[in-house]
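Peer 1: My questions all concern the structure below.
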Amino acid sequence: MIPTLPIQITCPKCGTKYVAQVQSIIDVGQDPQLKSVLLRGRLNTVICPSCGTTGVVSAPLLYHDPQKELLLLFIPPELNLPMAERERLTGNLVNALLNTTPTGERKGYFLNPRVMLTMQGLIDEILKADGVSKEMLDQQRARSQLLQNLLMALDDEARLQVLIEQNKENIDYPFLLTLAAAAEGSAATGQKQLTENLLKLRNILLARVAIALPEPLPADTPPAQVVDRLIAARDKESRWALVLYNRPLLDYAFFQELTGRIEKATPEEAESLRNLRTELLEMVEQLDKEAQAVQEAKIQLLQDALASPDPAQTLRERKEELDALFLAIVGAALRSAQQSGEAEEAQRLQAINEAILTILQEALPPELRLVNDLLAADYPQGTQELLQERRAEWGAKFLEILSALAEDLEAQQQPQTAQRLREIRTQAEAVLQLTMPPTQ
C-alpha cells in the first residue's frame, strides 16, 4: 500500500501550524476507494485542529488504474516548479508506484504518464475511461452550475422562484442526486453553513417542483419490463437509482433477458446493450460488496457486544450502528441458539435484543415512543388508559401523526396495524375533546 506523506500546514484563518497527511499517488488496484474520494473532490482535504477551518491541499498527484492501463500525472501550476524539478518529481512518483507494484505487473506505460494540465482535466479523463461520454460530463457540469445559481439566490425569494420556473425541466432526480452529493461532501469537510443551505434548497425544490422519484417495482415485475425500464433511463444516475431500489429483480432471469436482446439486436444496438450490461453488472457487484461489508460490520458489532462485560453500554456507545439489519442478525442468531439448545447463549442474545430495543426506543421522538407503547397495549381499554395517563405528552398534532403513520402502513401492506392506529386515533380525538379547555 502506498503511504501518505506528512506535510506542515499553516491555517490561513487562525495561523495554527499542524501536520496533515497528503495522498500523492492513487493506485486504484491497491486502494479503489481513493478513486471515489478524488471524484467527490475530497482528496487531501484538511481540517485545522484549532478553529476547524477546512481546505484542500494543492499537491502533485499520480493516478494509476492498472485494469485500464491508465497513468495520469497532475502537477498544480500554482507550484511554479521549473522543468528540472518537475521531471525529478515525476520520476520520484513513478518510482514510488513501481516499488509497490509486483515485477510481473510493471508495463511500458509506467515510463510515460500522461500529463494533465488541470485537476478537472484529470477527472474528465478518469470518467472518460469509465465510459462516461462528453455529453454526460456536460450534463453534470450544467447541473453543478444550476446548483450554484440556485444557492446564490437562496436568500432572494423572487430571484429563486424565477430560476426554479426557468429550470423546472432540469430539476429532476439526477439533479437531486448532484445536490445530495454536494451536501454529503460539505458535511464531510465540516462546512456546516453550506450543508444547511443545500438541505434547505433541497426541501424548497421538493415542495415546489414535481420531481419523479424512483420507487421499487413490484416484486413480480417480469424481467422484460425491468429491462425496458433500464433501457429507457436517460442517464447513469437514473439507472443507478433503479438498480439501487430494485436490486433483487436484477437476477439471472433479468440478465438472460438482456443477453437475448443483445443477440437479436442490430450491431449498433447490440453495442449499446452490451455497454448497458457491463454497467449494470458493475453496479450490482458494487451493491453486493457494500451489502456484504455492512453485514460483516453488523456481525462484528454483535461479537463485540457478546464479548463485552457490559453489552448494553457497548451498544449504547455505538447506537448509530443499531438498525433493522442489526436487529435481524441478532434475531437470526437468537433463533439458531434456541434451536440448538444453547440456553446460555440464547439468554445472552435475548438480553442484547432487549437492550437494542430499549436504546432505539429512547432515541425516538416522544410522539413515536407513545405510538409504540399504544401499539403494545391492549385495545381498547389499555390504549384508552395510556392516552389519558400520558395526556401531557401529546396534543392535536398527534392526531395528524397517527393518520400519516396509518397511511404509510397501509401502503406497506400492513392493513391490520394501520386499522389499529386509526382506531387509536378515534380514541385520542375523543380524549382530546374532553380535555380541551372550553372556548369563551
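Here, A, B, ... name the chains of the C-alpha cells in the order displayed, residue numbers run from 1 inside each chain, and ligands are numbered from 1 in the same displayed order.
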Considering only C-alpha atoms, return as a compact mmCIF listing (two decimals) with N, CA and C atoms, in the first residue's frame whatever protein or nucleic-acid residues lie within 12 Å of stretch 65-67 of chain A, sequence-local ones (same chain, fewer than 4 positions apart) excluded.
Peer 2:
```
# COMPACT_ATOMS: atom_id res chain seq x y z
N ILE A 25 -0.21 9.69 -4.54
CA ILE A 25 -0.38 8.61 -5.53
C ILE A 25 -1.69 7.89 -5.24
N ILE A 26 -2.49 7.74 -6.29
CA ILE A 26 -3.70 6.91 -6.20
C ILE A 26 -3.53 5.73 -7.14
N ASP A 27 -3.49 4.54 -6.58
CA ASP A 27 -3.45 3.31 -7.37
C ASP A 27 -4.77 2.57 -7.13
N VAL A 28 -5.64 2.61 -8.13
CA VAL A 28 -6.97 2.03 -7.99
C VAL A 28 -6.89 0.53 -7.69
N GLY A 29 -5.84 -0.12 -8.21
CA GLY A 29 -5.68 -1.54 -7.97
C GLY A 29 -5.39 -1.85 -6.51
N GLN A 30 -4.71 -0.93 -5.82
CA GLN A 30 -4.36 -1.16 -4.41
C GLN A 30 -5.39 -0.59 -3.44
N ASP A 31 -5.98 0.55 -3.79
CA ASP A 31 -6.97 1.17 -2.91
C ASP A 31 -8.05 1.83 -3.76
N PRO A 32 -9.05 1.04 -4.22
CA PRO A 32 -10.08 1.58 -5.11
C PRO A 32 -10.93 2.68 -4.49
N LEU A 34 -10.02 5.27 -2.92
CA LEU A 34 -9.44 6.60 -3.13
C LEU A 34 -9.95 7.25 -4.41
N LYS A 35 -10.32 6.43 -5.37
CA LYS A 35 -10.87 6.98 -6.63
C LYS A 35 -12.15 7.75 -6.34
N LEU A 71 -2.37 5.88 -16.67
CA LEU A 71 -1.43 6.53 -15.76
C LEU A 71 -1.42 8.02 -16.07
N LEU A 72 -1.94 8.81 -15.12
CA LEU A 72 -2.11 10.25 -15.32
C LEU A 72 -1.33 11.01 -14.25
N LEU A 97 5.52 4.35 -7.19
CA LEU A 97 4.46 3.46 -7.67
C LEU A 97 5.04 2.11 -8.08
N LEU A 98 6.17 2.14 -8.80
CA LEU A 98 6.81 0.89 -9.23
C LEU A 98 7.23 0.03 -8.05
N THR A 101 4.47 -2.13 -6.94
CA THR A 101 3.84 -2.94 -7.99
C THR A 101 4.67 -4.20 -8.23
N PRO A 102 4.07 -5.39 -8.19
CA PRO A 102 4.83 -6.62 -8.47
C PRO A 102 5.52 -6.56 -9.82
N GLU A 105 3.74 -7.18 -13.07
CA GLU A 105 2.65 -6.28 -13.46
C GLU A 105 3.16 -4.93 -13.96
N ARG A 106 4.47 -4.73 -14.01
CA ARG A 106 5.03 -3.48 -14.49
C ARG A 106 5.06 -3.49 -16.02
N LYS A 107 4.53 -2.43 -16.62
CA LYS A 107 4.43 -2.37 -18.08
C LYS A 107 5.04 -1.08 -18.61
N GLY A 108 5.14 -1.02 -19.93
CA GLY A 108 5.84 0.10 -20.56
C GLY A 108 5.22 1.45 -20.30
N TYR A 109 3.88 1.49 -20.13
CA TYR A 109 3.24 2.79 -19.96
C TYR A 109 3.64 3.45 -18.63
N PHE A 110 4.22 2.69 -17.70
CA PHE A 110 4.68 3.28 -16.43
C PHE A 110 5.72 4.38 -16.68
N PRO A 113 3.81 8.64 -18.14
CA PRO A 113 2.49 9.09 -17.66
C PRO A 113 1.98 10.25 -18.50
N GLU A 125 -10.69 12.73 -17.66
CA GLU A 125 -10.02 11.61 -18.31
C GLU A 125 -10.35 10.29 -17.59
N ILE A 126 -10.43 10.35 -16.26
CA ILE A 126 -10.81 9.16 -15.49
C ILE A 126 -12.23 8.73 -15.84
N LEU A 127 -13.13 9.69 -15.90
CA LEU A 127 -14.53 9.38 -16.22
C LEU A 127 -14.67 8.89 -17.65
N ALA A 129 -12.48 7.18 -19.30
CA ALA A 129 -12.03 5.79 -19.31
C ALA A 129 -13.08 4.85 -18.72
N ASP A 130 -13.97 5.40 -17.87
CA ASP A 130 -15.05 4.61 -17.28
C ASP A 130 -16.27 4.52 -18.19
```
Peer 1: Hey, what's within 9 Å of A:Leu374 if we count only C-alpha atoms and toss same-chain stuff fewer than 2 positions away? As a compact mmCIF listing (two decimals) with N, CA and C atoms, in the first residue's frame, please?
Peer 2:
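Once everything was written out, this is selection-v9.txt:
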```
# COMPACT_ATOMS: atom_id res chain seq x y z
N ARG A 369 -42.55 7.34 20.54
CA ARG A 369 -42.46 6.43 21.69
C ARG A 369 -43.86 6.10 22.19
N LEU A 370 -44.71 7.12 22.22
CA LEU A 370 -46.09 6.91 22.66
C LEU A 370 -46.83 6.00 21.68
N VAL A 371 -46.61 6.17 20.38
CA VAL A 371 -47.24 5.31 19.38
C VAL A 371 -46.85 3.85 19.62
N ASN A 372 -45.56 3.61 19.83
CA ASN A 372 -45.09 2.24 20.08
C ASN A 372 -45.74 1.65 21.33
N ALA A 376 -48.40 -1.56 21.66
CA ALA A 376 -48.09 -2.70 22.53
C ALA A 376 -49.15 -2.92 23.60
N ALA A 377 -49.99 -1.92 23.82
CA ALA A 377 -51.02 -2.01 24.87
C ALA A 377 -52.25 -2.76 24.36
N ASP A 378 -53.06 -3.26 25.31
CA ASP A 378 -54.31 -3.92 24.94
C ASP A 378 -55.32 -2.89 24.45
N TYR A 379 -56.04 -3.26 23.39
CA TYR A 379 -57.07 -2.36 22.86
C TYR A 379 -58.45 -2.96 23.19
N GLY A 382 -56.59 -0.77 27.41
CA GLY A 382 -55.21 -0.38 27.68
C GLY A 382 -54.82 0.89 26.95
N THR A 383 -55.21 1.01 25.70
CA THR A 383 -54.86 2.22 24.93
C THR A 383 -55.59 3.44 25.47
N GLN A 384 -56.83 3.26 25.89
CA GLN A 384 -57.59 4.38 26.46
C GLN A 384 -56.93 4.90 27.73
N LEU A 386 -53.79 4.56 28.59
CA LEU A 386 -52.48 5.13 28.27
C LEU A 386 -52.62 6.54 27.71
N LEU A 387 -53.59 6.75 26.85
CA LEU A 387 -53.82 8.09 26.30
C LEU A 387 -54.16 9.09 27.40
N LEU A 421 -54.16 1.77 14.33
CA LEU A 421 -53.77 3.17 14.53
C LEU A 421 -54.96 4.09 14.30
N ILE A 424 -57.07 3.88 17.36
CA ILE A 424 -56.44 4.64 18.46
C ILE A 424 -56.62 6.13 18.22
```
Peer 1: For A:Gln347, list every protein, DNA or RNA residue within 10 Å, evaluated using only C-alpha atoms, and leave out those in the same chain fewer than 5 positions away; present the list as a list in words.
Peer 2: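 Returned residues: Leu334, Ala337, Gln338, Glu342, Ile352 and Asn353 of chain A.
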Peer 1: Create the file for the chosen residues now, containing N, CA and C atoms and written as an mmCIF file, in the first residue's frame.
Peer 2:
```cif
data_model
loop_
_atom_site.group_PDB
_atom_site.id
_atom_site.type_symbol
_atom_site.label_atom_id
_atom_site.label_comp_id
_atom_site.auth_asym_id
_atom_site.auth_seq_id
_atom_site.Cartn_x
_atom_site.Cartn_y
_atom_site.Cartn_z
ATOM 1 N N LEU A 334 -30.306 -15.521 17.657
ATOM 2 C CA LEU A 334 -31.109 -15.965 18.798
ATOM 3 C C LEU A 334 -31.903 -17.226 18.444
ATOM 4 N N ALA A 337 -29.562 -20.227 18.283
ATOM 5 C CA ALA A 337 -29.156 -20.700 19.606
ATOM 6 C C ALA A 337 -30.291 -21.464 20.285
ATOM 7 N N GLN A 338 -31.511 -20.980 20.119
ATOM 8 C CA GLN A 338 -32.660 -21.662 20.721
ATOM 9 C C GLN A 338 -32.881 -23.033 20.095
ATOM 10 N N GLU A 342 -28.759 -24.152 22.971
ATOM 11 C CA GLU A 342 -27.709 -23.439 23.691
ATOM 12 C C GLU A 342 -28.374 -22.383 24.577
ATOM 13 N N ILE A 352 -29.319 -8.929 24.758
ATOM 14 C CA ILE A 352 -28.833 -7.952 23.779
ATOM 15 C C ILE A 352 -29.991 -7.422 22.947
ATOM 16 N N ASN A 353 -30.892 -8.307 22.525
ATOM 17 C CA ASN A 353 -32.044 -7.892 21.731
ATOM 18 C C ASN A 353 -32.897 -6.886 22.504
#
```
Peer 1: Within 9 Å of A:Ala180, counting only C-alpha atoms, which residues show up once you throw out same-chain ones fewer than 4 positions away? Write them as a list of chain:residue names, please.
Peer 2: A:Phe175, A:Leu176, A:Glu184, A:Gly185, A:Leu198, A:Leu199, A:Arg202
Peer 1: Can you write just those residues out, C-alpha atoms, as a CSV table (one decimal), in the first residue's frame?
Peer 2:
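Output file again_4.csv follows:
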```csv
chain,number,residue,atom,x,y,z
A,175,PHE,CA,-30.2,16.9,-10.2
A,176,LEU,CA,-31.3,15.9,-6.7
A,184,GLU,CA,-22.6,14.9,1.7
A,185,GLY,CA,-19.2,16.4,0.6
A,198,LEU,CA,-28.0,22.7,0.5
A,199,LEU,CA,-30.5,20.9,2.6
A,202,ARG,CA,-33.5,20.5,-1.4
```
Peer 1: So which residues touch A:Pro218 within 12 Å, counting only C-alpha atoms, skipping near sequence neighbours fewer than 4 positions away, as a PyMOL selection string?
Peer 2: chain A and resi 222-223+225-226+245-249+412
Peer 1: Find the residues near stretch 145-161 of chain A: any atom within 12 Å, counting only C-alpha atoms, skip ones fewer than 2 places away on the same chain, and give them as a VMD selection string.
Peer 2: chain A and resid 138 to 143 163 to 172 174 to 183 193 to 205 208 to 209
Peer 1: Any chance you could list, as a ChimeraX atom specification, the residues in stretch 185-384 of chain A that come up helix (DSSP H, G or I) when DSSP is run on the backbone?
Peer 2: /A:185-188,192-208,223-232,236-245,247-249,252-264,267-307,311-317,319-321,324-339,343-363,366-376,381-384
Peer 1: Stretch 11-158 of chain A: which residues are strand (DSSP E or B) by DSSP, as a ChimeraX atom specification?
Peer 2: /A:17-22,25-27,45-47,54-56,61-65,70-74,114-116
Peer 1: Please provide as a list in words all residues within 8 Å of stretch 272-287 of chain A, with the sequence filter that same-chain residues fewer than 3 positions apart are discarded (counting only C-alpha atoms).
Peer 2: Ile231, Trp240, Val243, Leu244, Arg247, Leu250, Phe255, Leu258, Arg261, Ile262, Glu268, Glu269, Glu290 and Ala291 of chain A
Peer 1: Can you write out the residues you just picked, keeping N, CA and C atoms, as a PDB file, in the first residue's frame?
Peer 2:
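Saved the output as selection12.pdb:
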```pdb
ATOM      1  N   ILE A 231     -33.403   0.417 -19.943  1.00  0.00           N
ATOM      2  CA  ILE A 231     -33.037   0.939 -21.264  1.00  0.00           C
ATOM      3  C   ILE A 231     -33.574   2.355 -21.441  1.00  0.00           C
ATOM      4  N   TRP A 240     -28.701   4.022 -11.944  1.00  0.00           N
ATOM      5  CA  TRP A 240     -28.193   3.645 -10.622  1.00  0.00           C
ATOM      6  C   TRP A 240     -29.321   3.623  -9.600  1.00  0.00           C
ATOM      7  N   VAL A 243     -31.409   0.503 -10.099  1.00  0.00           N
ATOM      8  CA  VAL A 243     -30.711  -0.683  -9.586  1.00  0.00           C
ATOM      9  C   VAL A 243     -30.742  -0.697  -8.062  1.00  0.00           C
ATOM     10  N   LEU A 244     -30.509   0.462  -7.468  1.00  0.00           N
ATOM     11  CA  LEU A 244     -30.468   0.562  -6.005  1.00  0.00           C
ATOM     12  C   LEU A 244     -31.799   0.153  -5.384  1.00  0.00           C
ATOM     13  N   ARG A 247     -32.645  -4.025  -6.633  1.00  0.00           N
ATOM     14  CA  ARG A 247     -31.569  -4.998  -6.772  1.00  0.00           C
ATOM     15  C   ARG A 247     -32.070  -6.442  -6.877  1.00  0.00           C
ATOM     16  N   LEU A 250     -32.752  -7.758 -10.434  1.00  0.00           N
ATOM     17  CA  LEU A 250     -31.651  -7.933 -11.390  1.00  0.00           C
ATOM     18  C   LEU A 250     -30.977  -9.272 -11.113  1.00  0.00           C
ATOM     19  N   PHE A 255     -30.687 -10.860 -16.500  1.00  0.00           N
ATOM     20  CA  PHE A 255     -29.526 -10.782 -17.393  1.00  0.00           C
ATOM     21  C   PHE A 255     -29.671 -11.742 -18.580  1.00  0.00           C
ATOM     22  N   LEU A 258     -31.702  -9.714 -20.997  1.00  0.00           N
ATOM     23  CA  LEU A 258     -30.883  -8.671 -21.616  1.00  0.00           C
ATOM     24  C   LEU A 258     -29.931  -9.278 -22.642  1.00  0.00           C
ATOM     25  N   ARG A 261     -31.710 -10.056 -25.874  1.00  0.00           N
ATOM     26  CA  ARG A 261     -31.933  -8.872 -26.711  1.00  0.00           C
ATOM     27  C   ARG A 261     -30.663  -8.472 -27.454  1.00  0.00           C
ATOM     28  N   ILE A 262     -29.526  -8.654 -26.792  1.00  0.00           N
ATOM     29  CA  ILE A 262     -28.253  -8.334 -27.455  1.00  0.00           C
ATOM     30  C   ILE A 262     -28.062  -9.222 -28.675  1.00  0.00           C
ATOM     31  N   GLU A 268     -25.258  -1.932 -34.049  1.00  0.00           N
ATOM     32  CA  GLU A 268     -25.168  -0.689 -33.281  1.00  0.00           C
ATOM     33  C   GLU A 268     -25.940  -0.802 -31.964  1.00  0.00           C
ATOM     34  N   GLU A 269     -27.144  -1.368 -32.027  1.00  0.00           N
ATOM     35  CA  GLU A 269     -27.940  -1.538 -30.818  1.00  0.00           C
ATOM     36  C   GLU A 269     -27.292  -2.536 -29.864  1.00  0.00           C
ATOM     37  N   GLU A 290     -20.954  -3.828  -1.032  1.00  0.00           N
ATOM     38  CA  GLU A 290     -21.291  -2.913   0.054  1.00  0.00           C
ATOM     39  C   GLU A 290     -22.223  -3.591   1.066  1.00  0.00           C
ATOM     40  N   ALA A 291     -23.202  -4.355   0.540  1.00  0.00           N
ATOM     41  CA  ALA A 291     -24.122  -5.059   1.439  1.00  0.00           C
ATOM     42  C   ALA A 291     -23.375  -6.075   2.297  1.00  0.00           C
TER      43      ALA A 291
END
```
